$ cat run-v8.cif   # mmCIF, C-alpha atoms
data_final
#
loop_
_atom_site.label_atom_id
_atom_site.label_comp_id
_atom_site.auth_asym_id
_atom_site.auth_seq_id
_atom_site.Cartn_x
_atom_site.Cartn_y
_atom_site.Cartn_z
CA MET G 1 -8.90 0.40 -63.08
CA THR G 2 -11.13 -1.11 -60.44
CA GLN G 3 -9.13 -2.84 -57.74
CA THR G 4 -11.57 -5.62 -56.93
CA TRP G 5 -9.18 -7.23 -54.45
CA LEU G 6 -9.36 -4.05 -52.37
CA PHE G 7 -13.12 -4.48 -52.06
CA GLY G 8 -12.56 -8.09 -51.04
CA LEU G 9 -9.99 -7.03 -48.46
CA GLY G 10 -12.19 -4.23 -47.13
CA GLY G 11 -15.20 -6.55 -46.93
CA GLY G 12 -13.16 -9.16 -45.10
CA VAL G 13 -11.92 -6.59 -42.60
CA LEU G 14 -15.48 -5.41 -41.92
CA ILE G 15 -16.80 -8.97 -41.51
CA GLY G 16 -13.92 -9.77 -39.15
CA LEU G 17 -14.45 -6.53 -37.23
CA ALA G 18 -18.18 -7.23 -36.76
CA SER G 19 -17.46 -10.80 -35.64
CA ALA G 20 -14.77 -9.61 -33.20
CA ILE G 21 -17.03 -6.93 -31.68
CA LEU G 22 -19.87 -9.43 -31.24
CA LEU G 23 -17.54 -11.99 -29.66
CA LEU G 24 -15.61 -9.60 -27.39
CA GLY G 25 -18.52 -7.30 -26.55
CA ASN G 26 -21.45 -9.70 -26.37
CA GLY G 27 -19.62 -13.01 -25.98
CA ARG G 28 -21.39 -14.42 -29.01
CA ILE G 29 -20.21 -16.18 -32.15
CA ALA G 30 -21.43 -14.38 -35.29
CA GLY G 31 -22.79 -17.61 -36.73
CA ILE G 32 -25.80 -16.64 -38.77
CA SER G 33 -27.33 -20.13 -38.97
CA GLY G 34 -26.96 -20.50 -35.20
CA ILE G 35 -28.59 -17.13 -34.53
CA VAL G 36 -31.47 -17.92 -36.91
CA GLY G 37 -31.86 -21.38 -35.34
CA GLU G 38 -31.96 -19.88 -31.86
CA ILE G 39 -34.63 -17.37 -32.89
CA LEU G 40 -36.75 -20.04 -34.61
CA ALA G 41 -36.42 -22.35 -31.60
CA GLY G 42 -37.63 -19.55 -29.32
CA ILE G 43 -40.77 -18.75 -31.32
CA PRO G 44 -43.06 -21.42 -29.74
CA GLN G 45 -42.20 -20.18 -26.24
CA LEU G 46 -42.42 -16.55 -27.39
CA ARG G 47 -38.89 -15.94 -26.22
CA GLY G 48 -36.03 -14.82 -28.34
CA SER G 49 -32.69 -13.18 -28.23
CA ALA G 50 -33.03 -9.43 -28.70
CA GLU G 51 -29.40 -9.13 -29.73
CA GLY G 52 -29.77 -12.00 -32.19
CA LEU G 53 -32.83 -10.34 -33.73
CA ALA G 54 -31.00 -7.01 -33.82
CA PHE G 55 -27.99 -8.62 -35.53
CA LEU G 56 -30.22 -10.15 -38.21
CA GLY G 57 -32.07 -6.83 -38.51
CA GLY G 58 -28.79 -5.05 -39.23
CA LEU G 59 -27.65 -7.77 -41.61
CA ILE G 60 -30.88 -7.64 -43.63
CA GLY G 61 -31.47 -3.94 -43.11
CA LEU G 62 -28.18 -2.77 -44.62
CA PRO G 63 -28.80 -4.20 -48.11
CA ILE G 64 -32.34 -2.81 -48.00
CA LEU G 65 -30.98 0.61 -47.02
CA TYR G 66 -28.33 0.39 -49.75
CA THR G 67 -31.00 -0.50 -52.33
CA LEU G 68 -33.17 2.43 -51.24
CA ILE G 69 -30.26 4.87 -51.54
CA ARG G 70 -28.25 3.54 -54.50
CA GLY G 71 -30.70 1.25 -56.26
CA ALA G 72 -30.64 -2.51 -56.43
CA PRO G 73 -27.24 -3.99 -57.31
CA ALA G 74 -27.12 -6.18 -60.41
CA ILE G 75 -27.50 -9.65 -58.93
CA GLY G 76 -28.59 -12.45 -61.19
CA VAL G 77 -30.14 -15.61 -59.78
CA THR G 78 -30.48 -18.02 -62.68
CA THR G 79 -31.46 -21.14 -60.75
CA SER G 80 -35.09 -22.29 -60.67
CA LEU G 81 -37.18 -21.87 -57.53
CA PRO G 82 -37.43 -25.63 -56.76
CA LEU G 83 -33.63 -25.93 -56.96
CA LEU G 84 -33.22 -22.89 -54.71
CA LEU G 85 -35.60 -24.42 -52.16
CA ALA G 86 -33.84 -27.79 -52.32
CA GLY G 87 -30.45 -26.07 -51.95
CA GLY G 88 -31.67 -24.04 -49.00
CA LEU G 89 -32.97 -27.16 -47.25
CA LEU G 90 -29.67 -28.99 -47.81
CA VAL G 91 -27.68 -26.01 -46.51
CA GLY G 92 -29.93 -25.81 -43.44
CA PHE G 93 -29.56 -29.55 -42.80
CA GLY G 94 -25.78 -29.39 -43.25
CA THR G 95 -25.31 -26.42 -40.97
CA ARG G 96 -27.32 -28.08 -38.18
CA LEU G 97 -25.38 -31.30 -38.66
CA SER G 98 -21.98 -29.59 -38.53
CA GLY G 99 -22.98 -27.08 -35.86
CA GLY G 100 -22.29 -23.98 -37.94
CA CYS G 101 -22.12 -22.36 -41.35
CA THR G 102 -19.67 -20.26 -43.35
CA SER G 103 -19.84 -17.41 -40.84
CA GLY G 104 -19.72 -19.54 -37.69
CA HIS G 105 -17.05 -22.01 -38.82
CA GLY G 106 -15.40 -20.18 -41.73
CA VAL G 107 -15.06 -16.74 -40.15
CA CYS G 108 -15.30 -17.10 -36.38
CA GLY G 109 -14.11 -20.68 -35.96
CA LEU G 110 -11.04 -20.35 -38.16
CA SER G 111 -10.04 -17.08 -36.51
CA ARG G 112 -10.27 -18.83 -33.13
CA LEU G 113 -8.04 -21.62 -34.52
CA SER G 114 -10.75 -24.22 -33.90
CA PRO G 115 -9.78 -27.63 -35.42
CA ARG G 116 -13.48 -28.57 -35.72
CA SER G 117 -14.15 -25.42 -37.76
CA LEU G 118 -11.10 -26.08 -39.94
CA VAL G 119 -12.38 -29.58 -40.76
CA ALA G 120 -15.92 -28.30 -41.39
CA THR G 121 -14.72 -25.44 -43.62
CA VAL G 122 -12.40 -27.64 -45.70
CA ILE G 123 -15.23 -30.14 -46.20
CA PHE G 124 -18.00 -27.71 -47.13
CA VAL G 125 -15.84 -25.58 -49.43
CA GLY G 126 -14.39 -28.72 -51.04
CA VAL G 127 -17.82 -30.28 -51.57
CA ALA G 128 -19.16 -26.99 -52.94
CA MET G 129 -16.29 -26.88 -55.47
CA VAL G 130 -16.98 -30.45 -56.59
CA VAL G 131 -20.74 -29.83 -56.87
CA VAL G 132 -20.19 -26.64 -58.90
CA ALA G 133 -17.79 -28.53 -61.21
CA ILE G 134 -20.26 -31.39 -61.70
CA VAL G 135 -23.33 -29.21 -62.21
CA ARG G 136 -21.64 -26.67 -64.51
CA HIS G 137 -19.33 -28.95 -66.46
CA GLY G 138 -20.08 -32.58 -65.72
CA LEU G 139 -23.80 -32.48 -66.43
CA GLY G 140 -23.59 -30.32 -69.53
CA GLY G 141 -24.45 -27.15 -67.61
CA MET K 1 -27.27 -2.07 -25.04
CA LEU K 2 -26.52 -5.64 -26.19
CA ALA K 3 -29.24 -5.34 -28.82
CA LEU K 4 -27.75 -2.08 -30.09
CA ALA K 5 -24.33 -3.74 -30.30
CA GLY K 6 -25.95 -6.64 -32.17
CA LEU K 7 -27.60 -4.22 -34.61
CA VAL K 8 -24.33 -2.39 -35.29
CA CYS K 9 -22.49 -5.70 -35.76
CA GLY K 10 -25.17 -6.87 -38.18
CA PHE K 11 -24.82 -3.64 -40.16
CA VAL K 12 -21.02 -3.88 -40.31
CA PHE K 13 -21.18 -7.60 -41.19
CA GLY K 14 -23.71 -6.89 -43.96
CA TRP K 15 -21.62 -3.99 -45.22
CA GLY K 16 -18.63 -6.30 -45.44
CA LEU K 17 -20.61 -8.87 -47.41
CA LEU K 18 -21.92 -6.16 -49.70
CA ILE K 19 -18.64 -4.48 -50.62
CA SER K 20 -16.75 -7.76 -50.95
CA GLY K 21 -19.35 -8.95 -53.48
CA MET K 22 -20.33 -12.00 -51.43
CA MET K 23 -24.00 -11.20 -52.05
CA GLN K 24 -23.49 -11.86 -55.76
CA PRO K 25 -24.07 -15.55 -56.57
CA ALA K 26 -21.96 -15.26 -59.75
CA LYS K 27 -18.92 -14.10 -57.78
CA VAL K 28 -19.23 -16.90 -55.23
CA LEU K 29 -19.67 -19.49 -58.00
CA ALA K 30 -16.67 -18.06 -59.88
CA PHE K 31 -14.54 -18.48 -56.73
CA LEU K 32 -15.66 -22.09 -56.25
CA GLU K 33 -15.10 -22.83 -59.94
CA LYS K 34 -11.68 -21.23 -60.12
CA TRP K 35 -9.81 -24.08 -58.44
CA VAL K 36 -11.38 -27.06 -60.21
CA LYS K 37 -11.30 -25.91 -63.85
#
$ encode --input "run-v8.cif" --output "structure tokens"
Amino acid sequence: MTQTWLFGLGGGVLIGLASAILLLGNGRIAGISGIVGEILAGIPQLRGSAEGLAFLGGLIGLPILYTLIRGAPAIGVTTSLPLLLAGGLLVGFGTRLSGGCTSGHGVCGLSRLSPRSLVATVIFVGVAMVVVAIVRHGLGG
Amino acid sequence: MLALAGLVCGFVFGWGLLISGMMQPAKVLAFLEKWVK
């Protein structure tokens, strides 16, 4: 029997470990939207954070490495491209507005007992639940 | 050195996402759906 909760627990430990190392070792919050934003903001001046780029490289490189070794995992994206683009834009707008995303607020902020991150996380998870309910059940999805 | 630490952290973070299934849209949607059914 596959103990799926063990994979969830193990994944959570690894995510927490990576965030803790980045915070304690480099003094940085492992907020992916913030790191991406910082890199994009630095492009016009041709300056960027080497550690931020390296973090993203590791984050993107690991799934690529996994796919090369074990083959692509079965991941199904059923949404249309326009909806994906619209969703991505809304997520980007929301993360800039709230000053963080699931990793910055949900992982790092909550573990630092930040009230702002608690409010942000409750709101974005709650809204996501309502949107999923409406799209999948309320609109005949 | 900081870049190397960033790379390792990115790898570990990505590994965590991978084994917890958080790269699978269906799993994330199932979690969000679970509480409002």
$ residues_near_point --input "run-v8.cif" --point "(-11.2, -20.9, -59.1)" --cutoff "12 Å" --atoms "only C-alpha atoms" --output "ChimeraX atom specification"
/G:125-126,128-130,132-133 /K:27-37
$ interface_residues --input "run-v8.cif" --of "chain K" --to "chain G" --cutoff "6 Å" --atoms "only C-alpha atoms" --output "MDAnalysis selection string"
chainID K and resid 2:3 6:7 9:14 16:17 19:20 24 32
$ atom_distance --input "run-v8.cif" --atom1 "CA of Ile29 (chain G)" --atom2 "CA of Cys108 (chain G)"
6.5 Å
$ atom_distance --input "run-v8.cif" --atom1 "CA of Ile43 (chain G)" --atom2 "CA of His105 (chain G)"
25.1 Å
$ atom_distance --input "run-v8.cif" --atom1 "CA of Glu38 (chain G)" --atom2 "CA of Pro115 (chain G)"
23.8 Å
$ closest_residue --input "run-v8.cif" --among "G:Gly87, G:Gly31, G:Leu24, G:Leu40" --to "Val107 (chain G)" --atoms "all atoms listed in the file"
G:Gly31
$ axis_aligned_box --input "run-v8.cif" --around "region 24-34 of chain K" --padding-each-side "6 Å" --output "lines of an AutoDock Vina configuration file"
center_x = -17.9
center_y = -17.3
center_z = -57.7
size_x = 24.4
size_y = 23.0
size_z = 16.9
$ residues_around --input "run-v8.cif" --residues "Thr95 (chain G)" --least-positions-apart "6" --cutoff "9 Å" --atoms "all atoms listed in the file" --output "mmCIF file with C-alpha atoms, keeping the file's coordinate frame"
data_model
loop_
_atom_site.group_PDB
_atom_site.id
_atom_site.type_symbol
_atom_site.label_atom_id
_atom_site.label_comp_id
_atom_site.auth_asym_id
_atom_site.auth_seq_id
_atom_site.Cartn_x
_atom_site.Cartn_y
_atom_site.Cartn_z
ATOM 1 C CA SER G 33 -27.330 -20.130 -38.970
ATOM 2 C CA GLY G 34 -26.960 -20.500 -35.200
ATOM 3 C CA CYS G 101 -22.120 -22.360 -41.350
ATOM 4 C CA THR G 102 -19.670 -20.260 -43.350
#
$ resolve_selection --input "run-v8.cif" --expression "the PyMOL selection byres ((chain G and resi 117) around 9)" --output "VMD selection string"
chain G and resid 98 100 104 to 106 108 to 110 112 to 116 118 to 122
